[in-house]
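J.: The structure file entry-v2.tsv (TSV, C-alpha atoms) is provided below.
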```
chain	number	residue	atom	x	y	z
A	1	MET	CA	-8.13	-16.25	30.48
A	2	ILE	CA	-6.23	-16.12	27.21
A	3	GLU	CA	-2.50	-16.59	27.30
A	4	LYS	CA	-0.13	-15.63	24.56
A	5	ALA	CA	3.21	-17.11	23.73
A	6	PRO	CA	5.99	-15.27	25.58
A	7	ASP	CA	7.73	-14.23	22.35
A	8	ALA	CA	4.58	-13.38	20.39
A	9	THR	CA	4.51	-9.90	18.93
A	10	VAL	CA	1.28	-8.02	19.48
A	11	ARG	CA	0.49	-5.76	16.55
A	12	SER	CA	-2.16	-3.06	16.46
A	13	ARG	CA	-4.95	-3.65	13.97
A	14	TRP	CA	-4.38	-0.07	12.82
A	15	ALA	CA	-0.72	-0.68	12.03
A	16	PRO	CA	0.30	-1.50	8.49
A	17	ALA	CA	1.11	-5.16	7.93
A	18	PRO	CA	4.89	-5.69	7.95
A	19	ASP	CA	4.84	-6.82	4.31
A	20	GLN	CA	3.18	-3.52	3.32
A	21	LEU	CA	6.09	-1.40	4.56
A	22	PRO	CA	8.93	-0.78	2.13
A	23	GLY	CA	12.00	-2.94	2.63
A	24	ASP	CA	14.20	0.16	2.69
A	25	LEU	CA	13.52	3.88	2.83
A	26	THR	CA	15.34	4.33	-0.49
A	27	GLU	CA	12.21	2.85	-2.10
A	28	LEU	CA	10.34	6.05	-1.17
A	29	THR	CA	10.84	8.10	-4.32
A	30	GLY	CA	7.69	10.21	-4.36
A	31	PRO	CA	7.51	13.83	-5.47
A	32	THR	CA	9.29	16.53	-3.51
A	33	ARG	CA	7.68	19.59	-5.06
A	34	GLY	CA	4.68	20.66	-7.03
A	35	THR	CA	1.07	19.69	-6.51
A	36	VAL	CA	-0.07	16.15	-5.76
A	37	VAL	CA	-3.62	14.86	-6.16
A	38	LEU	CA	-4.17	11.75	-4.08
A	39	PRO	CA	-6.44	9.02	-5.45
A	40	LEU	CA	-9.81	8.37	-3.86
A	41	HIS	CA	-8.68	5.13	-2.19
A	42	LEU	CA	-6.35	7.26	-0.02
A	43	ALA	CA	-8.28	10.51	0.41
A	44	TRP	CA	-11.96	9.60	0.15
A	45	SER	CA	-13.34	12.46	2.22
A	46	GLY	CA	-12.21	16.01	1.91
A	47	LEU	CA	-8.98	17.43	0.61
A	48	ARG	CA	-7.19	15.49	-2.14
A	49	THR	CA	-4.87	18.17	-3.61
A	50	PHE	CA	-1.67	19.12	-1.79
A	51	ASP	CA	0.99	21.77	-2.51
A	52	LEU	CA	4.26	20.19	-1.42
A	53	GLY	CA	5.92	23.62	-1.23
A	54	ASP	CA	3.85	24.40	1.86
A	55	GLU	CA	4.71	22.42	5.01
A	56	LYS	CA	1.18	22.16	6.39
A	57	PRO	CA	-0.34	20.53	3.26
A	58	LEU	CA	2.76	18.34	2.87
A	59	LEU	CA	2.35	17.04	6.42
A	60	GLY	CA	-1.36	16.47	5.80
A	61	MET	CA	-0.64	14.45	2.68
A	62	TYR	CA	2.03	12.36	4.40
A	63	ARG	CA	-0.35	11.67	7.27
A	64	ILE	CA	-3.06	10.48	4.90
A	65	VAL	CA	-0.67	8.22	2.99
A	66	LEU	CA	0.89	6.79	6.16
A	67	LEU	CA	-2.52	6.08	7.70
A	68	ASN	CA	-4.35	4.79	4.64
A	69	GLY	CA	-1.68	3.64	2.25
A	70	ARG	CA	-0.11	0.39	1.20
A	71	ARG	CA	3.39	-0.34	-0.05
A	72	GLU	CA	2.71	0.97	-3.59
A	73	ASP	CA	1.24	4.19	-2.14
A	74	TYR	CA	4.22	4.73	0.14
A	75	THR	CA	6.69	4.35	-2.74
A	76	CYS	CA	4.63	6.52	-5.08
A	77	TYR	CA	3.75	9.44	-2.79
A	78	LEU	CA	6.40	9.56	-0.03
A	79	ASP	CA	9.98	10.73	-0.33
A	80	ALA	CA	12.56	9.30	2.07
A	81	ALA	CA	14.35	12.59	2.77
A	82	GLN	CA	11.05	14.44	3.38
A	83	LEU	CA	9.77	11.64	5.62
A	84	ILE	CA	12.92	11.67	7.76
A	85	ALA	CA	13.07	15.48	7.92
A	86	HIS	CA	9.43	15.77	9.00
A	87	TRP	CA	9.20	12.62	11.13
A	88	PRO	CA	9.47	14.43	14.51
A	89	ILE	CA	6.22	16.28	13.66
A	90	LEU	CA	4.55	13.50	11.65
A	91	ARG	CA	4.91	10.92	14.39
A	92	LYS	CA	2.70	13.07	16.64
A	93	MET	CA	0.00	13.06	13.95
A	94	LEU	CA	-0.17	9.27	13.70
A	95	GLY	CA	-1.70	6.59	15.84
A	96	ARG	CA	0.58	4.45	17.96
A	97	GLY	CA	0.26	1.41	15.67
A	98	VAL	CA	1.42	3.24	12.55
A	99	ARG	CA	4.12	5.19	14.37
A	100	THR	CA	5.52	2.08	16.04
A	101	ALA	CA	5.48	0.04	12.82
A	102	TRP	CA	7.57	2.62	11.00
A	103	GLU	CA	9.93	3.29	13.92
A	104	ASP	CA	10.46	-0.43	14.53
A	105	ARG	CA	11.33	-1.01	10.87
A	106	PHE	CA	13.43	2.10	10.20
A	107	ALA	CA	16.04	3.42	12.63
A	108	GLN	CA	15.99	6.74	10.72
A	109	CYS	CA	12.45	7.31	12.01
A	110	VAL	CA	13.34	7.00	15.67
A	111	VAL	CA	13.30	10.37	17.41
A	112	ARG	CA	16.00	10.76	20.04
A	113	GLU	CA	15.22	13.37	22.66
```
Please go through the file and, once you have read it, give me the structure as structure tokens.
T.:
Amino acid sequence: MIEKAPDATVRSRWAPAPDQLPGDLTELTGPTRGTVVLPLHLAWSGLRTFDLGDEKPLLGMYRIVLLNGRREDYTCYLDAAQLIAHWPILRKMLGRGVRTAWEDRFAQCVVRE
């Protein structure tokens, strides 16, 4: 039987490492309109071009970046106001590890029902 320390934090292997998350949501200064083409290291299979004026592609792009990105991707492609506005829907599109990492770090991402 393996025991863990009582105050040890268990982190999902699918969650971003804490040092990969931005220190503050104000660092997220990505585009808010127009068309974005994600690089292959983020979107390696399928759709890479997203029209940010349409909610469905915007949500798809944010999901890809949140799931596959690193700090520099978050700051380049995500916008804080868009992330907060769409978080109630986005959080349902993410795995528990990613969702929890962002909600634990940023109070603005916690959905109160």
J.: Show me, as a tab-separated table (two decimals) with C-alpha atoms, keeping the file's coordinate frame, the residues that have an atom within 12 Å of segment 95-112 of chain A when counting all atoms listed in the file, minus same-chain residues fewer than 4 positions from it.
T.:
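Writing the result to part-v6.tsv gives the following:
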```tsv
chain	number	residue	atom	x	y	z
A	9	THR	CA	4.51	-9.90	18.93
A	10	VAL	CA	1.28	-8.02	19.48
A	11	ARG	CA	0.49	-5.76	16.55
A	12	SER	CA	-2.16	-3.06	16.46
A	13	ARG	CA	-4.95	-3.65	13.97
A	14	TRP	CA	-4.38	-0.07	12.82
A	15	ALA	CA	-0.72	-0.68	12.03
A	16	PRO	CA	0.30	-1.50	8.49
A	17	ALA	CA	1.11	-5.16	7.93
A	18	PRO	CA	4.89	-5.69	7.95
A	19	ASP	CA	4.84	-6.82	4.31
A	20	GLN	CA	3.18	-3.52	3.32
A	21	LEU	CA	6.09	-1.40	4.56
A	22	PRO	CA	8.93	-0.78	2.13
A	23	GLY	CA	12.00	-2.94	2.63
A	24	ASP	CA	14.20	0.16	2.69
A	25	LEU	CA	13.52	3.88	2.83
A	26	THR	CA	15.34	4.33	-0.49
A	63	ARG	CA	-0.35	11.67	7.27
A	64	ILE	CA	-3.06	10.48	4.90
A	65	VAL	CA	-0.67	8.22	2.99
A	66	LEU	CA	0.89	6.79	6.16
A	67	LEU	CA	-2.52	6.08	7.70
A	68	ASN	CA	-4.35	4.79	4.64
A	69	GLY	CA	-1.68	3.64	2.25
A	70	ARG	CA	-0.11	0.39	1.20
A	74	TYR	CA	4.22	4.73	0.14
A	80	ALA	CA	12.56	9.30	2.07
A	81	ALA	CA	14.35	12.59	2.77
A	82	GLN	CA	11.05	14.44	3.38
A	83	LEU	CA	9.77	11.64	5.62
A	84	ILE	CA	12.92	11.67	7.76
A	85	ALA	CA	13.07	15.48	7.92
A	86	HIS	CA	9.43	15.77	9.00
A	87	TRP	CA	9.20	12.62	11.13
A	88	PRO	CA	9.47	14.43	14.51
A	89	ILE	CA	6.22	16.28	13.66
A	90	LEU	CA	4.55	13.50	11.65
A	91	ARG	CA	4.91	10.92	14.39
```
J.: At what distance in Å, to one decimal, does atom CA of Thr32 of chain A lie from atom CA of Gly53 of chain A?
T.: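 Between atom CA of Gly53 of chain A and atom CA of Thr32 of chain A the gap is 8.2 Å.
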J.: Using all atoms listed in the file, determine which residues lie at most 12 Å from Asp54 of chain A, disregarding the query and same-chain residues fewer than 6 positions distant; provide the list as a count of residues only.
T.: 7
J.: The centre and edge lengths of an axis-aligned box containing all atoms of segment 79-86 of chain A present in the file, extended by 8 Å on each side, are to be given in Å to one decimal, as lines of an AutoDock Vina configuration file.
T.:
```
center_x = 11.9
center_y = 12.5
center_z = 4.3
size_x = 20.9
size_y = 22.5
size_z = 25.3
```
J.: Choose the residue, out of A:Leu78, A:Arg48, A:Tyr62, A:Arg71, that has the smallest atom-to-atom separation from Pro31 of chain A; count all atoms listed in the file.
T.: A:Leu78
J.: In Å, rounded to a single decimal, give me how far atom CA of His41 of chain A is from atom CA of Thr75 of chain A.
T.: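 For atom CA of Thr75 of chain A relative to atom CA of His41 of chain A, the distance reads 15.4 Å.
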J.: Quote the spacing between atom CA of Pro57 of chain A and atom CA of Tyr77 of chain A in Å to one decimal place.
T.: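 It comes out at 13.3 Å.
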J.: Kindly indicate which residue among A:Leu42, A:Met93, A:Val37, A:Asp73 lies nearest to Lys56 of chain A, using all atoms listed in the file for the distances.
T.: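 Comparing A:Leu42, A:Met93, A:Val37, A:Asp73 against Lys56 of chain A, the winner is A:Met93.
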